[in-house]
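Content type PDB, C-alpha atoms, from the file run_34.pdb:
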ATOM      1  CA  MET A 291     114.077  93.042 100.847
ATOM      2  CA  ALA A 292     111.083  94.969  99.535
ATOM      3  CA  VAL A 293     110.480  98.519  98.336
ATOM      4  CA  ARG A 294     109.313 100.907 101.011
ATOM      5  CA  VAL A 295     108.969 104.678 100.733
ATOM      6  CA  ARG A 296     108.623 107.457 103.307
ATOM      7  CA  LEU A 297     105.013 108.615 103.207
ATOM      8  CA  ARG A 298     103.257 111.626 104.737
ATOM      9  CA  ILE A 299      99.592 110.852 105.401
ATOM     10  CA  LYS A 300      97.124 113.649 106.088
ATOM     11  CA  SER A 301      93.658 112.728 107.302
ATOM     12  CA  LEU A 302      91.040 114.809 105.530
ATOM     13  CA  ARG A 303      88.644 114.122 108.425
ATOM     14  CA  SER A 304      90.720 115.283 111.391
ATOM     15  CA  GLY A 305      93.570 117.218 109.766
ATOM     16  CA  ARG A 306      96.078 115.050 111.669
ATOM     17  CA  GLU A 307      99.257 113.908 109.913
ATOM     18  CA  ALA A 308     101.683 111.032 110.249
ATOM     19  CA  LEU A 309     105.039 110.272 108.644
ATOM     20  CA  THR A 310     105.769 106.565 108.167
ATOM     21  CA  SER A 311     107.410 104.077 105.862
ATOM     22  CA  ALA A 312     104.993 102.249 103.583
ATOM     23  CA  LEU A 313     105.384  99.027 101.638
ATOM     24  CA  VAL A 314     104.778  99.349  97.892
ATOM     25  CA  ASN A 315     102.649  96.271  97.272
ATOM     26  CA  SER A 316     101.844  95.453  93.642
ATOM     27  CA  GLY A 317      99.807  92.492  94.913
ATOM     28  CA  PHE A 318      97.426  94.917  96.650
ATOM     29  CA  GLU A 319      95.197  95.459  93.632
ATOM     30  CA  ALA A 320      92.548  98.155  93.908
ATOM     31  CA  GLU A 321      90.181 100.000  91.594
ATOM     32  CA  SER A 322      90.893 103.309  93.324
ATOM     33  CA  PRO A 323      93.989 104.669  95.097
ATOM     34  CA  GLN A 324      93.987 102.931  98.481
ATOM     35  CA  LEU A 325      96.270 102.956 101.499
ATOM     36  CA  LEU A 326      95.981 100.176 104.072
ATOM     37  CA  VAL A 327      96.834 101.311 107.585
ATOM     38  CA  PRO A 328      96.999  99.356 110.837
ATOM     39  CA  ARG A 329      94.300 100.215 113.378
ATOM     40  CA  ARG A 330      96.803 101.981 115.681
ATOM     41  CA  LEU A 331      97.798 104.417 112.927
ATOM     42  CA  ALA A 332      94.144 104.911 111.995
ATOM     43  CA  ALA A 333      93.503 105.985 115.598
ATOM     44  CA  GLU A 334      96.407 108.466 115.460
ATOM     45  CA  LEU A 335      94.908 109.918 112.261
ATOM     46  CA  GLY A 336      91.476 110.248 113.892
ATOM     47  CA  LEU A 337      89.971 107.495 111.712
ATOM     48  CA  TRP A 338      89.355 104.914 114.455
ATOM     49  CA  PRO A 339      86.708 104.183 115.508
ATOM     50  CA  PRO A 340      85.649 104.300 111.849
ATOM     51  CA  PRO A 341      83.640 107.317 110.707
ATOM     52  CA  ASP A 342      79.965 106.974 109.724
ATOM     53  CA  ASP A 343      80.680 106.616 105.992
ATOM     54  CA  ALA A 344      83.127 103.712 106.491
ATOM     55  CA  TYR A 345      81.995 100.291 105.355
ATOM     56  CA  LEU A 346      83.260  96.724 105.612
ATOM     57  CA  VAL A 347      84.925  95.129 102.587
ATOM     58  CA  GLU A 348      86.360  91.652 102.105
ATOM     59  CA  PHE A 349      89.930  91.215 100.868
ATOM     60  CA  GLY A 350      91.405  87.983  99.556
ATOM     61  CA  THR A 351      94.871  87.392 101.029
ATOM     62  CA  ALA A 352      97.378  84.550 101.041
ATOM     63  CA  GLY A 353      96.046  83.658 104.507
ATOM     64  CA  GLY A 354      92.393  83.741 103.447
ATOM     65  CA  VAL A 355      89.634  86.329 103.369
ATOM     66  CA  VAL A 356      89.827  89.262 105.810
ATOM     67  CA  ARG A 357      87.304  92.025 106.474
ATOM     68  CA  ASN A 358      88.533  95.595 106.794
ATOM     69  CA  TYR A 359      86.875  98.977 107.042
ATOM     70  CA  LEU A 360      87.198 101.230 103.989
ATOM     71  CA  VAL A 361      86.913 104.992 104.491
ATOM     72  CA  PRO A 362      86.411 106.629 101.073
ATOM     73  CA  GLY A 363      88.504 109.685 100.180
ATOM     74  CA  ALA A 364      89.804 109.939 103.734
ATOM     75  CA  ALA A 365      93.398 111.060 103.191
ATOM     76  CA  GLU A 366      96.012 112.755 101.069
ATOM     77  CA  VAL A 367      99.417 111.118 100.805
ATOM     78  CA  THR A 368     102.773 112.468  99.691
ATOM     79  CA  VAL A 369     106.025 110.565  99.128
ATOM     80  CA  GLU A 370     108.847 112.302 101.030
ATOM     81  CA  ALA A 371     112.026 111.165  99.274
ATOM     82  CA  GLY A 372     114.610 113.452 100.877
ATOM     83  CA  ASP A 373     115.418 115.662  97.900
ATOM     84  CA  ARG A 374     111.816 115.895  96.680
ATOM     85  CA  SER A 375     108.184 115.331  97.544
ATOM     86  CA  VAL A 376     105.581 113.870  95.199
ATOM     87  CA  GLY A 377     101.878 114.334  95.855
ATOM     88  CA  PRO A 378      99.530 114.867  97.431
ATOM     89  CA  VAL A 379      97.249 112.166  96.043
ATOM     90  CA  LYS A 380      93.797 111.703  97.535
ATOM     91  CA  CYS A 381      93.055 108.109  98.542
ATOM     92  CA  ASP A 382      90.737 105.783 100.389
ATOM     93  CA  ILE A 383      91.939 104.433 103.720
ATOM     94  CA  VAL A 384      91.583 100.732 104.470
ATOM     95  CA  ILE A 385      91.818 100.014 108.202
ATOM     96  CA  SER A 386      93.302  96.643 109.162
ATOM     97  CA  GLY A 387      93.112  94.946 112.531
ATOM     98  CA  VAL A 388      95.728  92.390 111.409
ATOM     99  CA  GLU A 389      98.413  94.103 109.281
ATOM    100  CA  GLU A 390     101.294  95.846 111.094
ATOM    101  CA  GLU A 391     102.694  97.871 108.177
ATOM    102  CA  VAL A 392     101.243 100.545 105.922
ATOM    103  CA  LEU A 393     100.602  99.153 102.417
ATOM    104  CA  ILE A 394     100.355 101.164  99.190
ATOM    105  CA  SER A 395      97.978  99.697  96.579
ATOM    106  CA  ASP A 396      98.993  99.270  92.947
ATOM    107  CA  ARG A 397      96.737 102.151  91.895
ATOM    108  CA  LEU A 398      98.069 104.525  94.557
ATOM    109  CA  GLY A 399     101.685 103.603  93.785
ATOM    110  CA  GLY A 400     101.045 104.373  90.117
ATOM    111  CA  GLU A 401      99.463 107.745  90.896
ATOM    112  CA  LEU A 402     102.463 108.610  93.083
ATOM    113  CA  GLY A 403     104.775 107.740  90.169
ATOM    114  CA  ILE A 404     106.599 104.949  92.019
ATOM    115  CA  VAL A 405     108.503 102.564  89.735
ATOM    116  CA  ILE A 406     110.006  99.406  91.242
ATOM    117  CA  LEU A 407     113.391  98.711  89.634
ATOM    118  CA  ASP A 408     114.528  95.762  91.726
ATOM    119  CA  LEU A 409     112.569  93.835  94.334
ATOM    120  CA  ARG A 410     115.635  94.039  96.556
ATOM    121  CA  GLY A 411     114.804  97.639  97.404
ATOM    122  CA  LYS A 412     115.593  99.786  94.350
ATOM    123  CA  TRP A 413     113.030 102.223  92.987
ATOM    124  CA  ARG A 414     112.600 105.599  91.274
ATOM    125  CA  PHE A 415     109.924 108.108  90.349
ATOM    126  CA  SER A 416     108.507 107.723  86.831
ATOM    127  CA  ASP A 417     109.867 111.121  85.732
ATOM    128  CA  GLU A 418     113.503 110.579  86.787
ATOM    129  CA  ASP A 419     116.525 108.330  86.269
ATOM    130  CA  ARG A 420     117.848 108.457  89.841
ATOM    131  CA  VAL A 421     117.884 105.062  91.574
ATOM    132  CA  ARG A 422     116.552 105.291  95.122
ATOM    133  CA  GLU A 423     116.949 102.919  98.081
ATOM    134  CA  THR A 424     114.187 101.408 100.175
ATOM    135  CA  GLU A 425     113.271 102.800 103.589
ATOM    136  CA  PRO A 426     113.441 100.579 106.686
ATOM    137  CA  PRO A 427     110.134  99.021 107.779
ATOM    138  CA  GLN A 428     107.997 100.683 110.417
ATOM    139  CA  TYR A 429     105.585  98.510 112.398
ATOM    140  CA  TRP A 430     102.410  99.855 114.016
ATOM    141  CA  VAL A 431     101.794  97.260 116.743
TER     142      VAL A 431
END
Would you write the structure of this file as structure tokens?
Amino acid sequence: MAVRVRLRIKSLRSGREALTSALVNSGFEAESPQLLVPRRLAAELGLWPPPDDAYLVEFGTAGGVVRNYLVPGAAEVTVEAGDRSVGPVKCDIVISGVEEEVLISDRLGGELGIVILDLRGKWRFSDEDRVRETEPPQYWV
């Protein structure tokens, strides 16, 4: 089991919002806060087809190199944890034609204050002691 959180995503281009679970992925290393979204969710947020300032980037993955569109500063995200919300944090959106889940980069997870306690689904915010449980996965196929 992995750590997933409930995330509210607001597109700063269209104003549209989506609520989804997102996988906290410490292996998704980024220099800026980034959120990878499947193409179907990008369309719902008004970010597909990609806007004019989007550009292709190459990502190294376990399955090899993939090319995704990166839309700089395209969204604000907030963790919705039931009893509290943390955010918003402005982030880049990476649009994937392959991935089916939303992925939170290491940098974005840090800015949202997410601390993984146990890779079997236990986490907390950096400013609390409460142990929280993972959310179920949500697939955007």
Counting all atoms listed in the file, select every polymer residue within 12 Å of (99.0, 96.6, 89.2) as defined in the file's coordinates, and provide the selection as a ChimeraX atom specification. /A:314-323,394-401,404-406
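Minimum distance to Asp417 in chain A across A:Leu346, A:Val376, A:Leu326, A:Val392 (counting only C-alpha atoms) occurs at A:Val376.
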Within 6 Å of Leu393 in chain A, counting only C-alpha atoms, which residues show up once you throw out same-chain ones fewer than 4 positions away? Write them as an mmCIF file with C-alpha atoms, in the frame of the given file, please.
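Now in around_5.cif:
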data_model
loop_
_atom_site.group_PDB
_atom_site.id
_atom_site.type_symbol
_atom_site.label_atom_id
_atom_site.label_comp_id
_atom_site.auth_asym_id
_atom_site.auth_seq_id
_atom_site.Cartn_x
_atom_site.Cartn_y
_atom_site.Cartn_z
ATOM 1 C CA ALA A 312 104.993 102.249 103.583
ATOM 2 C CA LEU A 313 105.384 99.027 101.638
ATOM 3 C CA LEU A 325 96.270 102.956 101.499
ATOM 4 C CA LEU A 326 95.981 100.176 104.072
#
Test item: which residues lie within 12 Å of (94.0, 111.4, 107.3) counting only C-alpha atoms, as a PDB file with C-alpha atoms, keeping the file's coordinate frame:
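File part.pdb, as written:
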ATOM      1  CA  ARG A 298     103.257 111.626 104.737  1.00  0.00           C
ATOM      2  CA  ILE A 299      99.592 110.852 105.401  1.00  0.00           C
ATOM      3  CA  LYS A 300      97.124 113.649 106.088  1.00  0.00           C
ATOM      4  CA  SER A 301      93.658 112.728 107.302  1.00  0.00           C
ATOM      5  CA  LEU A 302      91.040 114.809 105.530  1.00  0.00           C
ATOM      6  CA  ARG A 303      88.644 114.122 108.425  1.00  0.00           C
ATOM      7  CA  SER A 304      90.720 115.283 111.391  1.00  0.00           C
ATOM      8  CA  GLY A 305      93.570 117.218 109.766  1.00  0.00           C
ATOM      9  CA  ARG A 306      96.078 115.050 111.669  1.00  0.00           C
ATOM     10  CA  GLU A 307      99.257 113.908 109.913  1.00  0.00           C
ATOM     11  CA  ALA A 308     101.683 111.032 110.249  1.00  0.00           C
ATOM     12  CA  LEU A 309     105.039 110.272 108.644  1.00  0.00           C
ATOM     13  CA  LEU A 325      96.270 102.956 101.499  1.00  0.00           C
ATOM     14  CA  LEU A 326      95.981 100.176 104.072  1.00  0.00           C
ATOM     15  CA  VAL A 327      96.834 101.311 107.585  1.00  0.00           C
ATOM     16  CA  LEU A 331      97.798 104.417 112.927  1.00  0.00           C
ATOM     17  CA  ALA A 332      94.144 104.911 111.995  1.00  0.00           C
ATOM     18  CA  ALA A 333      93.503 105.985 115.598  1.00  0.00           C
ATOM     19  CA  GLU A 334      96.407 108.466 115.460  1.00  0.00           C
ATOM     20  CA  LEU A 335      94.908 109.918 112.261  1.00  0.00           C
ATOM     21  CA  GLY A 336      91.476 110.248 113.892  1.00  0.00           C
ATOM     22  CA  LEU A 337      89.971 107.495 111.712  1.00  0.00           C
ATOM     23  CA  TRP A 338      89.355 104.914 114.455  1.00  0.00           C
ATOM     24  CA  PRO A 340      85.649 104.300 111.849  1.00  0.00           C
ATOM     25  CA  PRO A 341      83.640 107.317 110.707  1.00  0.00           C
ATOM     26  CA  VAL A 361      86.913 104.992 104.491  1.00  0.00           C
ATOM     27  CA  PRO A 362      86.411 106.629 101.073  1.00  0.00           C
ATOM     28  CA  GLY A 363      88.504 109.685 100.180  1.00  0.00           C
ATOM     29  CA  ALA A 364      89.804 109.939 103.734  1.00  0.00           C
ATOM     30  CA  ALA A 365      93.398 111.060 103.191  1.00  0.00           C
ATOM     31  CA  GLU A 366      96.012 112.755 101.069  1.00  0.00           C
ATOM     32  CA  VAL A 367      99.417 111.118 100.805  1.00  0.00           C
ATOM     33  CA  THR A 368     102.773 112.468  99.691  1.00  0.00           C
ATOM     34  CA  PRO A 378      99.530 114.867  97.431  1.00  0.00           C
ATOM     35  CA  VAL A 379      97.249 112.166  96.043  1.00  0.00           C
ATOM     36  CA  LYS A 380      93.797 111.703  97.535  1.00  0.00           C
ATOM     37  CA  CYS A 381      93.055 108.109  98.542  1.00  0.00           C
ATOM     38  CA  ASP A 382      90.737 105.783 100.389  1.00  0.00           C
ATOM     39  CA  ILE A 383      91.939 104.433 103.720  1.00  0.00           C
ATOM     40  CA  VAL A 384      91.583 100.732 104.470  1.00  0.00           C
ATOM     41  CA  ILE A 385      91.818 100.014 108.202  1.00  0.00           C
TER      42      ILE A 385
END
Of the listed residues A:Gln324, A:Met291, A:Pro427, A:Asn358, that which approaches Leu409 in chain A most closely, counting all atoms listed in the file: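 Result for the nearest residue to Leu409 in chain A: A:Met291.
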Specify the axis-aligned box that encloses all atoms of range 303-316 of chain A listed in the file after padding of 3 Å on each side, stating its centre and edge lengths in Å to one decimal as AutoDock Vina command-line options.
--center_x 98.0 --center_y 106.3 --center_z 102.7 --size_x 24.8 --size_y 27.8 --size_z 24.0
Calculated over all atoms listed in the file, which of the candidates A:Val431, A:Val421, A:Val355, A:Leu360 has the smallest distance to Glu390 in chain A?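 The closest residue to Glu390 in chain A is A:Val431.
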Name the residues that the PyMOL selection byres ((chain A and resi 370) around 10) pulls out of this structure, and write them as a PyMOL selection string. chain A and resi 295-298+309-311+367-369+371-377
Output as a short mmCIF file (atom, residue, chain, number, x, y, z; two decimals), in the coordinates of the input: range 352-377 of chain A, completed with N, CA, C and O atoms.
data_model
loop_
_atom_site.label_atom_id
_atom_site.label_comp_id
_atom_site.auth_asym_id
_atom_site.auth_seq_id
_atom_site.Cartn_x
_atom_site.Cartn_y
_atom_site.Cartn_z
N ALA A 352 96.74 85.86 101.04
CA ALA A 352 97.38 84.55 101.04
C ALA A 352 96.91 83.71 102.23
O ALA A 352 96.88 82.49 102.16
N GLY A 353 96.52 84.35 103.31
CA GLY A 353 96.05 83.66 104.51
C GLY A 353 94.54 83.46 104.55
O GLY A 353 94.01 82.98 105.53
N GLY A 354 93.85 83.86 103.49
CA GLY A 354 92.39 83.74 103.45
C GLY A 354 91.72 85.10 103.39
O GLY A 354 92.39 86.14 103.28
N VAL A 355 90.42 85.10 103.47
CA VAL A 355 89.63 86.33 103.37
C VAL A 355 89.66 87.08 104.70
O VAL A 355 89.51 86.48 105.76
N VAL A 356 89.90 88.40 104.63
CA VAL A 356 89.83 89.26 105.81
C VAL A 356 88.84 90.39 105.53
O VAL A 356 88.63 90.78 104.38
N ARG A 357 88.24 90.90 106.59
CA ARG A 357 87.30 92.02 106.47
C ARG A 357 87.95 93.25 107.10
O ARG A 357 88.44 93.20 108.23
N ASN A 358 87.96 94.33 106.34
CA ASN A 358 88.53 95.60 106.79
C ASN A 358 87.54 96.72 106.55
O ASN A 358 86.69 96.62 105.66
N TYR A 359 87.67 97.79 107.31
CA TYR A 359 86.88 98.98 107.04
C TYR A 359 87.53 99.79 105.93
O TYR A 359 88.75 99.95 105.91
N LEU A 360 86.73 100.32 105.03
CA LEU A 360 87.20 101.23 103.99
C LEU A 360 86.55 102.58 104.24
O LEU A 360 85.33 102.67 104.39
N VAL A 361 87.39 103.62 104.30
CA VAL A 361 86.91 104.99 104.49
C VAL A 361 87.21 105.74 103.19
O VAL A 361 88.37 106.02 102.89
N PRO A 362 86.17 106.02 102.39
CA PRO A 362 86.41 106.63 101.07
C PRO A 362 86.96 108.05 101.16
O PRO A 362 86.53 108.85 102.00
N GLY A 363 87.95 108.33 100.30
CA GLY A 363 88.50 109.68 100.18
C GLY A 363 88.96 110.30 101.48
O GLY A 363 88.83 111.50 101.68
N ALA A 364 89.52 109.50 102.37
CA ALA A 364 89.80 109.94 103.73
C ALA A 364 91.15 110.63 103.93
O ALA A 364 91.38 111.22 104.97
N ALA A 365 92.05 110.53 102.94
CA ALA A 365 93.40 111.06 103.19
C ALA A 365 94.05 111.58 101.92
O ALA A 365 93.62 111.26 100.81
N GLU A 366 95.08 112.37 102.13
CA GLU A 366 96.01 112.76 101.07
C GLU A 366 97.37 112.23 101.48
O GLU A 366 97.75 112.33 102.64
N VAL A 367 98.09 111.66 100.51
CA VAL A 367 99.42 111.12 100.80
C VAL A 367 100.45 111.74 99.88
O VAL A 367 100.17 112.05 98.72
N THR A 368 101.65 111.91 100.42
CA THR A 368 102.77 112.47 99.69
C THR A 368 104.00 111.62 99.98
O THR A 368 104.26 111.29 101.13
N VAL A 369 104.75 111.26 98.94
CA VAL A 369 106.02 110.56 99.13
C VAL A 369 107.07 111.62 99.47
O VAL A 369 107.24 112.61 98.74
N GLU A 370 107.78 111.41 100.58
CA GLU A 370 108.85 112.30 101.03
C GLU A 370 110.17 111.57 100.78
O GLU A 370 110.54 110.69 101.55
N ALA A 371 110.84 111.91 99.69
CA ALA A 371 112.03 111.16 99.27
C ALA A 371 113.34 111.88 99.57
O ALA A 371 114.33 111.64 98.90
N GLY A 372 113.36 112.75 100.53
CA GLY A 372 114.61 113.45 100.88
C GLY A 372 114.80 114.69 100.04
O GLY A 372 114.60 115.80 100.52
N ASP A 373 115.16 114.52 98.77
CA ASP A 373 115.42 115.66 97.90
C ASP A 373 114.17 116.18 97.20
O ASP A 373 114.20 117.22 96.57
N ARG A 374 113.06 115.43 97.31
CA ARG A 374 111.82 115.90 96.68
C ARG A 374 110.61 115.22 97.30
O ARG A 374 110.71 114.17 97.92
N SER A 375 109.47 115.87 97.10
CA SER A 375 108.18 115.33 97.54
C SER A 375 107.30 115.17 96.32
O SER A 375 107.32 116.02 95.43
N VAL A 376 106.52 114.09 96.29
CA VAL A 376 105.58 113.87 95.20
C VAL A 376 104.20 113.63 95.81
O VAL A 376 104.02 112.76 96.65
N GLY A 377 103.24 114.40 95.35
CA GLY A 377 101.88 114.33 95.86
C GLY A 377 101.44 115.74 96.19
O GLY A 377 102.12 116.70 95.82
#
